[in-house]
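**Student:** One structure is given below, represented as structure tokens, and several questions about it will come after.
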Amino acid sequence: MKVRRNVWIWVLAVVFGLGFFGAESASAFQVGDLKVGGAIRVNYIYGDYDEDGTGRAQRGDNDGNFEFDTFRVNLDYQRDNLLGKVEYRFYDGYHFLHTGWLGYQLTTESQIQVGVNRVPFGVGPYGPSNNFFFDQHYYVGLSDDMDLGLKYMTRFGNLKLDLAYYGMPEPNGKGNSKESDRYSYDIVHEPDHTPYAAYEEQHQFNLRAVYSLFRGSSLPTDLGVSLQYGLLDAKEDYADDTDAYAGSVHSKTTWGNWALMLQLTKYKYDADYDDSTFSDDLIGMGAFIWSTPVASEGTIPSIALSYTWANPVSFIDSITFYNDYSIIIKDGQDAGGNDLRDSEMNVTGMAIASGGWYIYVDYVWSDGNYFVGSSDGDEFGVNQNNDWQYRFNVNFGYYF
């Protein structure tokens, strides 16, 4: 099987080799109040993918292929009550700032962060998911979304409260796109990829409240609500300034080694195009050097069930088995009057933790997702083909 040979293959070989043999140089290290770490990851991919004519190993044929995922550098700073965090990521052909904030620990229960930080929305930092691909919330900018602003987090007994203001999304990185060299899915101004990419996000407000029930019992549960409202600034003369909102109810319950996350979200990016050849039911979003139309309004139910087996053998810390399902129930039509078809995704898999290693083994089955199958990006927003495709993926990650 042919594999792309470049500098990343050698980096992977060195770091993974150090990880296997437990070399000290592959561990995070401390420099005064600064902790320096990172990770390197590679995917094995096999699935419904077409030959591309290059002669290289294909995902669907020739026994699949290995591909570089990411190399990242993490900096964590703490001196007394002053905090800071930076994460910078390198992918194949592009790189960007993932996280970059300074903070202050006001009390044991209260903290403030200023800079590029994670938007408080939904059941957890990665949405209702356990797998490498997250769930469909992520692909419309509603989980693991990193924006530039101010976030305040506090707790009053059983109630955890997050308040945030974001002036704009995270800055664009360096790559081949105009505005999509980024980690989080944001509404972007990139009409050379899709004419629907006519807006930019600004002045966004977030509120998340989570109440903990049954603490100390065998069934602790967190019940929460998340609200988001922001403005959309039109960057093209065929669109008008407008706004966007999202609301969500969510819960997380644990029972021994079992965990169940539920989330139900309603969102609307209120696109307003002057040109009658465009549908207000689509809007351009971008990340990972690509932008494409997504449904501007929809409802997302998600369910994530997991079971964690601690120390199954001496050299494995834990194995978490899971099944995560989510669907975007879309409202509206495309410019041709065709109803937007829903996008579903189910991921069955397990995550293996062993020392610095964290390995996802996932079987993804989807009808409308960017990273599953050989469909083009328009399948996610419009999904007229209504075609179920699969991807078997193993993500080998070494964290140091």
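Order determines the names: the first chain of the structure tokens is A, the second B, and so forth; residues in each chain are numbered 1 upward, and ligands are numbered 1 upward as they are shown.
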If we count only C-alpha atoms, what is near A:Gly224 at a cut-off of 8 Å, once residues fewer than 3 positions away on the same chain are taken out, given as JSON, numbers by chain?
**Tutor:** {"A": [122, 123, 208, 209, 210, 211, 249, 250, 251]}
**Student:** Which residues, written as a tab-separated table (two decimals) with N, CA and C atoms, in the first residue's frame, have at least one atom at most 6 Å from stretch 139-147 of chain A, with only C-alpha atoms counted and residues fewer than 2 positions away on the same chain left out?
**Tutor:**
chain	number	residue	atom	x	y	z
A	116	VAL	N	-9.37	33.76	22.93
A	116	VAL	CA	-10.02	32.70	22.15
A	116	VAL	C	-10.30	31.53	23.09
A	117	ASN	N	-11.56	31.36	23.44
A	117	ASN	CA	-11.95	30.30	24.36
A	117	ASN	C	-13.20	29.59	23.86
A	118	ARG	N	-13.54	28.50	24.53
A	118	ARG	CA	-14.66	27.66	24.08
A	118	ARG	C	-16.00	28.29	24.47
A	119	VAL	N	-16.90	28.41	23.51
A	119	VAL	CA	-18.23	28.98	23.74
A	119	VAL	C	-19.03	28.05	24.65
A	125	PRO	N	-18.11	20.12	26.61
A	125	PRO	CA	-17.21	20.82	25.69
A	125	PRO	C	-17.26	20.30	24.26
A	126	TYR	N	-17.55	19.00	24.08
A	126	TYR	CA	-17.58	18.40	22.75
A	126	TYR	C	-18.99	17.99	22.33
A	127	GLY	N	-19.98	18.58	22.97
A	127	GLY	CA	-21.36	18.21	22.65
A	127	GLY	C	-21.70	16.84	23.21
A	136	GLN	N	-23.57	16.09	15.16
A	136	GLN	CA	-23.93	17.08	14.13
A	136	GLN	C	-24.00	18.51	14.68
A	137	HIS	N	-24.07	18.69	15.99
A	137	HIS	CA	-23.99	20.05	16.54
A	137	HIS	C	-22.70	20.74	16.11
A	169	PRO	N	-15.48	35.59	15.71
A	169	PRO	CA	-14.94	34.23	15.82
A	169	PRO	C	-13.43	34.28	16.04
A	170	GLU	N	-12.83	33.11	16.21
A	170	GLU	CA	-11.38	33.04	16.32
A	170	GLU	C	-10.73	33.53	15.02
A	184	SER	N	-12.99	25.64	14.35
A	184	SER	CA	-14.42	25.66	14.62
A	184	SER	C	-15.20	26.02	13.37
A	185	TYR	N	-16.39	25.45	13.25
A	185	TYR	CA	-17.26	25.82	12.13
A	185	TYR	C	-17.94	27.15	12.45
A	186	ASP	N	-17.62	28.15	11.61
A	186	ASP	CA	-18.17	29.50	11.75
A	186	ASP	C	-18.81	29.94	10.45
**Student:** Extract, using only C-alpha atoms, all DNA, RNA and protein residues at most 7 Å from A:Thr253, discarding same-chain residues fewer than 6 positions from it, and format them as a VMD selection string.
**Tutor:** chain A and resid 219 to 222 259 to 261
**Student:** Export, as a CSV table (one decimal), in the first residue's frame, the selected residues with C-alpha atoms.
**Tutor:**
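Final output, saved to out.csv:
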chain,number,residue,atom,x,y,z
A,219,LEU,CA,-27.7,8.4,39.6
A,220,PRO,CA,-26.2,11.9,39.6
A,221,THR,CA,-27.7,14.0,36.8
A,222,ASP,CA,-26.9,17.4,35.4
A,259,ALA,CA,-23.1,7.6,31.0
A,260,LEU,CA,-26.0,9.0,29.0
A,261,MET,CA,-25.9,12.5,27.4
**Student:** Just how far from atom CA of A:Ile45 is atom CA of A:Gly356, in Å to one decimal?
**Tutor:**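 Between these atoms lies a distance of 22.1 Å.
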**Student:** Each residue of stretch 85-108 of chain A with at least one atom at most 10 Å from stretch 150-168 of chain A should appear once, together with its nearest atom pair and the corresponding distance in Å (one decimal); atoms considered: only C-alpha atoms; ordering: chain, then increasing residue number; output as a tab-separated table.
**Tutor:**
residue	atom	partner	partner_atom	distance
A:Trp101	CA	A:Leu150	CA	9.2
A:Leu102	CA	A:Leu150	CA	9.9
A:Gly103	CA	A:Lys151	CA	9.2
A:Tyr104	CA	A:Tyr152	CA	9.8
A:Gln105	CA	A:Met153	CA	9.8
A:Leu106	CA	A:Thr154	CA	9.3
A:Thr107	CA	A:Thr154	CA	8.7
A:Thr108	CA	A:Thr154	CA	8.9
**Student:** So which residues touch stretch 73-90 of chain A within 12 Å, counting only C-alpha atoms, skipping near sequence neighbours fewer than 5 positions away, as an mmCIF file with N, CA and C atoms, in the first residue's frame?
**Tutor:**
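What landed in selection.cif:
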data_model
loop_
_atom_site.group_PDB
_atom_site.id
_atom_site.type_symbol
_atom_site.label_atom_id
_atom_site.label_comp_id
_atom_site.auth_asym_id
_atom_site.auth_seq_id
_atom_site.Cartn_x
_atom_site.Cartn_y
_atom_site.Cartn_z
ATOM 1 N N TRP A 8 5.893 14.733 7.835
ATOM 2 C CA TRP A 8 5.024 14.308 8.933
ATOM 3 C C TRP A 8 5.177 12.822 9.230
ATOM 4 N N ALA A 28 5.235 15.893 28.740
ATOM 5 C CA ALA A 28 5.106 17.330 28.981
ATOM 6 C C ALA A 28 6.152 17.759 30.001
ATOM 7 N N PHE A 29 6.635 18.981 29.875
ATOM 8 C CA PHE A 29 7.646 19.449 30.814
ATOM 9 C C PHE A 29 7.276 20.826 31.333
ATOM 10 N N GLN A 30 7.835 21.170 32.477
ATOM 11 C CA GLN A 30 7.523 22.404 33.181
ATOM 12 C C GLN A 30 8.681 23.381 33.051
ATOM 13 N N VAL A 31 8.370 24.634 32.705
ATOM 14 C CA VAL A 31 9.350 25.710 32.660
ATOM 15 C C VAL A 31 8.819 26.819 33.560
ATOM 16 N N GLY A 32 9.266 26.826 34.805
ATOM 17 C CA GLY A 32 8.726 27.780 35.759
ATOM 18 C C GLY A 32 7.246 27.534 35.972
ATOM 19 N N ASP A 33 6.426 28.553 35.697
ATOM 20 C CA ASP A 33 4.973 28.422 35.844
ATOM 21 C C ASP A 33 4.296 27.943 34.567
ATOM 22 N N LEU A 34 5.081 27.615 33.553
ATOM 23 C CA LEU A 34 4.539 27.234 32.242
ATOM 24 C C LEU A 34 4.714 25.738 32.006
ATOM 25 N N LYS A 35 3.614 25.058 31.681
ATOM 26 C CA LYS A 35 3.642 23.648 31.309
ATOM 27 C C LYS A 35 3.551 23.542 29.795
ATOM 28 N N VAL A 36 4.471 22.789 29.191
ATOM 29 C CA VAL A 36 4.528 22.642 27.736
ATOM 30 C C VAL A 36 4.210 21.196 27.379
ATOM 31 N N GLY A 37 3.235 21.012 26.524
ATOM 32 C CA GLY A 37 2.848 19.675 26.082
ATOM 33 C C GLY A 37 2.345 19.714 24.659
ATOM 34 N N GLY A 38 1.605 18.685 24.285
ATOM 35 C CA GLY A 38 1.069 18.642 22.933
ATOM 36 C C GLY A 38 0.564 17.262 22.584
ATOM 37 N N ALA A 39 0.371 17.032 21.307
ATOM 38 C CA ALA A 39 -0.125 15.745 20.831
ATOM 39 C C ALA A 39 0.199 15.601 19.356
ATOM 40 N N ILE A 40 0.246 14.364 18.920
ATOM 41 C CA ILE A 40 0.371 14.075 17.499
ATOM 42 C C ILE A 40 -0.554 12.904 17.186
ATOM 43 N N ARG A 41 -1.293 13.023 16.073
ATOM 44 C CA ARG A 41 -2.324 12.034 15.771
ATOM 45 C C ARG A 41 -2.289 11.668 14.296
ATOM 46 N N PHE A 68 -1.989 11.659 7.975
ATOM 47 C CA PHE A 68 -1.662 12.536 9.090
ATOM 48 C C PHE A 68 -2.909 13.315 9.506
ATOM 49 N N HIS A 95 -2.490 25.643 9.188
ATOM 50 C CA HIS A 95 -2.315 25.654 10.635
ATOM 51 C C HIS A 95 -3.052 26.851 11.208
ATOM 52 N N PHE A 96 -3.374 26.800 12.503
ATOM 53 C CA PHE A 96 -4.180 27.863 13.101
ATOM 54 C C PHE A 96 -4.100 27.819 14.617
ATOM 55 N N LEU A 97 -4.504 28.935 15.228
ATOM 56 C CA LEU A 97 -4.657 29.014 16.675
ATOM 57 C C LEU A 97 -5.985 28.369 17.061
ATOM 58 N N HIS A 98 -5.935 27.377 17.925
ATOM 59 C CA HIS A 98 -7.145 26.717 18.409
ATOM 60 C C HIS A 98 -7.662 27.403 19.673
ATOM 61 N N THR A 99 -6.759 27.698 20.611
ATOM 62 C CA THR A 99 -7.104 28.303 21.892
ATOM 63 C C THR A 99 -6.039 29.333 22.251
ATOM 64 N N GLY A 100 -6.452 30.442 22.860
ATOM 65 C CA GLY A 100 -5.481 31.426 23.325
ATOM 66 C C GLY A 100 -6.144 32.424 24.263
ATOM 67 N N TRP A 101 -6.078 32.185 25.573
ATOM 68 C CA TRP A 101 -6.728 33.093 26.509
ATOM 69 C C TRP A 101 -5.892 33.289 27.777
ATOM 70 N N LEU A 102 -6.146 34.410 28.428
ATOM 71 C CA LEU A 102 -5.642 34.700 29.757
ATOM 72 C C LEU A 102 -6.835 34.752 30.709
ATOM 73 N N GLY A 103 -6.620 34.288 31.931
ATOM 74 C CA GLY A 103 -7.732 34.258 32.863
ATOM 75 C C GLY A 103 -7.314 34.590 34.275
ATOM 76 N N TYR A 104 -8.336 34.725 35.134
ATOM 77 C CA TYR A 104 -8.080 35.026 36.544
ATOM 78 C C TYR A 104 -9.053 34.214 37.391
ATOM 79 N N GLN A 105 -8.524 33.511 38.390
ATOM 80 C CA GLN A 105 -9.342 32.737 39.314
ATOM 81 C C GLN A 105 -9.833 33.682 40.408
ATOM 82 N N LEU A 106 -11.066 34.153 40.272
ATOM 83 C CA LEU A 106 -11.606 35.141 41.199
ATOM 84 C C LEU A 106 -11.834 34.547 42.584
ATOM 85 N N THR A 107 -12.466 33.360 42.607
ATOM 86 C CA THR A 107 -12.670 32.599 43.843
ATOM 87 C C THR A 107 -12.491 31.131 43.482
ATOM 88 N N THR A 108 -12.651 30.254 44.467
ATOM 89 C CA THR A 108 -12.557 28.822 44.160
ATOM 90 C C THR A 108 -13.649 28.386 43.199
ATOM 91 N N SER A 110 -15.229 30.674 40.873
ATOM 92 C CA SER A 110 -15.447 31.654 39.809
ATOM 93 C C SER A 110 -14.153 31.922 39.039
ATOM 94 N N GLN A 111 -14.290 32.013 37.714
ATOM 95 C CA GLN A 111 -13.129 32.260 36.861
ATOM 96 C C GLN A 111 -13.562 33.102 35.665
ATOM 97 N N ILE A 112 -12.637 33.923 35.179
ATOM 98 C CA ILE A 112 -12.885 34.725 33.989
ATOM 99 C C ILE A 112 -11.789 34.427 32.971
ATOM 100 N N GLN A 113 -12.166 34.332 31.682
ATOM 101 C CA GLN A 113 -11.234 34.090 30.588
ATOM 102 C C GLN A 113 -11.423 35.154 29.515
ATOM 103 N N VAL A 114 -10.313 35.680 28.986
ATOM 104 C CA VAL A 114 -10.348 36.682 27.924
ATOM 105 C C VAL A 114 -9.462 36.207 26.781
ATOM 106 N N GLY A 115 -10.041 36.103 25.584
ATOM 107 C CA GLY A 115 -9.281 35.660 24.422
ATOM 108 C C GLY A 115 -10.065 34.627 23.645
ATOM 109 N N VAL A 116 -9.374 33.760 22.933
ATOM 110 C CA VAL A 116 -10.018 32.701 22.154
ATOM 111 C C VAL A 116 -10.296 31.533 23.091
ATOM 112 N N ASN A 117 -11.565 31.360 23.437
ATOM 113 C CA ASN A 117 -11.952 30.303 24.365
ATOM 114 C C ASN A 117 -13.198 29.591 23.865
ATOM 115 N N ARG A 118 -13.543 28.498 24.533
ATOM 116 C CA ARG A 118 -14.660 27.663 24.083
ATOM 117 C C ARG A 118 -15.999 28.289 24.474
ATOM 118 N N MET A 146 -14.787 27.667 19.176
ATOM 119 C CA MET A 146 -13.817 28.564 19.777
ATOM 120 C C MET A 146 -13.983 29.966 19.171
ATOM 121 N N GLY A 173 -6.508 31.152 10.302
ATOM 122 C CA GLY A 173 -5.134 30.697 10.302
ATOM 123 C C GLY A 173 -4.452 30.897 8.966
ATOM 124 N N LYS A 174 -3.502 30.034 8.679
ATOM 125 C CA LYS A 174 -2.711 30.127 7.460
ATOM 126 C C LYS A 174 -2.910 28.866 6.632
ATOM 127 N N GLY A 175 -3.438 29.038 5.407
ATOM 128 C CA GLY A 175 -3.668 27.907 4.522
ATOM 129 C C GLY A 175 -4.094 28.383 3.160
ATOM 130 N N ASP A 181 -9.494 28.602 7.249
ATOM 131 C CA ASP A 181 -8.350 27.954 7.894
ATOM 132 C C ASP A 181 -8.545 28.055 9.402
ATOM 133 N N ARG A 182 -9.478 27.268 9.910
ATOM 134 C CA ARG A 182 -9.877 27.360 11.311
ATOM 135 C C ARG A 182 -10.373 26.007 11.782
ATOM 136 N N TYR A 183 -10.440 25.857 13.111
ATOM 137 C CA TYR A 183 -10.883 24.608 13.723
ATOM 138 C C TYR A 183 -12.401 24.556 13.878
ATOM 139 N N PHE A 288 -11.533 23.914 8.485
ATOM 140 C CA PHE A 288 -10.645 22.933 7.855
ATOM 141 C C PHE A 288 -10.466 23.195 6.358
ATOM 142 N N TYR A 399 -0.357 11.826 23.392
ATOM 143 C CA TYR A 399 -0.447 13.110 24.080
ATOM 144 C C TYR A 399 0.713 13.207 25.081
ATOM 145 N N PHE A 400 1.443 14.292 24.984
ATOM 146 C CA PHE A 400 2.636 14.435 25.817
ATOM 147 C C PHE A 400 2.658 15.785 26.532
#
**Student:** Quick check for you: according to DSSP on this backbone, which residues of stretch 34-212 of chain A are classed as strand (DSSP E or B)? Reply as a PyMOL selection string.
**Tutor:** chain A and resi 34-47+65-79+82-91+94-107+110-118+146-156+159-169+174+186-187+189+198-212
**Student:** Neighbouring residues of A:Val394 were defined as those with any atom within 10 Å, considering only C-alpha atoms; residues of the same chain fewer than 2 positions away were excluded. Please report them as a list in words.
**Tutor:**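 Final neighbour list, sorted by chain and number: Val42, Asn43, Tyr44, Ile45, Tyr46, Phe66, Phe132, Gly349, Met350, Ala351, Ile359, Tyr360, Val361, Asp362, Tyr363, Arg391, Phe392, Phe396 and Gly397 of chain A.
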**Student:** Contacts of A:His189 at 8 Å or less, counting only C-alpha atoms, minus same-chain residues fewer than 5 places along, as a PyMOL selection string?
**Tutor:** chain A and resi 179+197-200+235+284
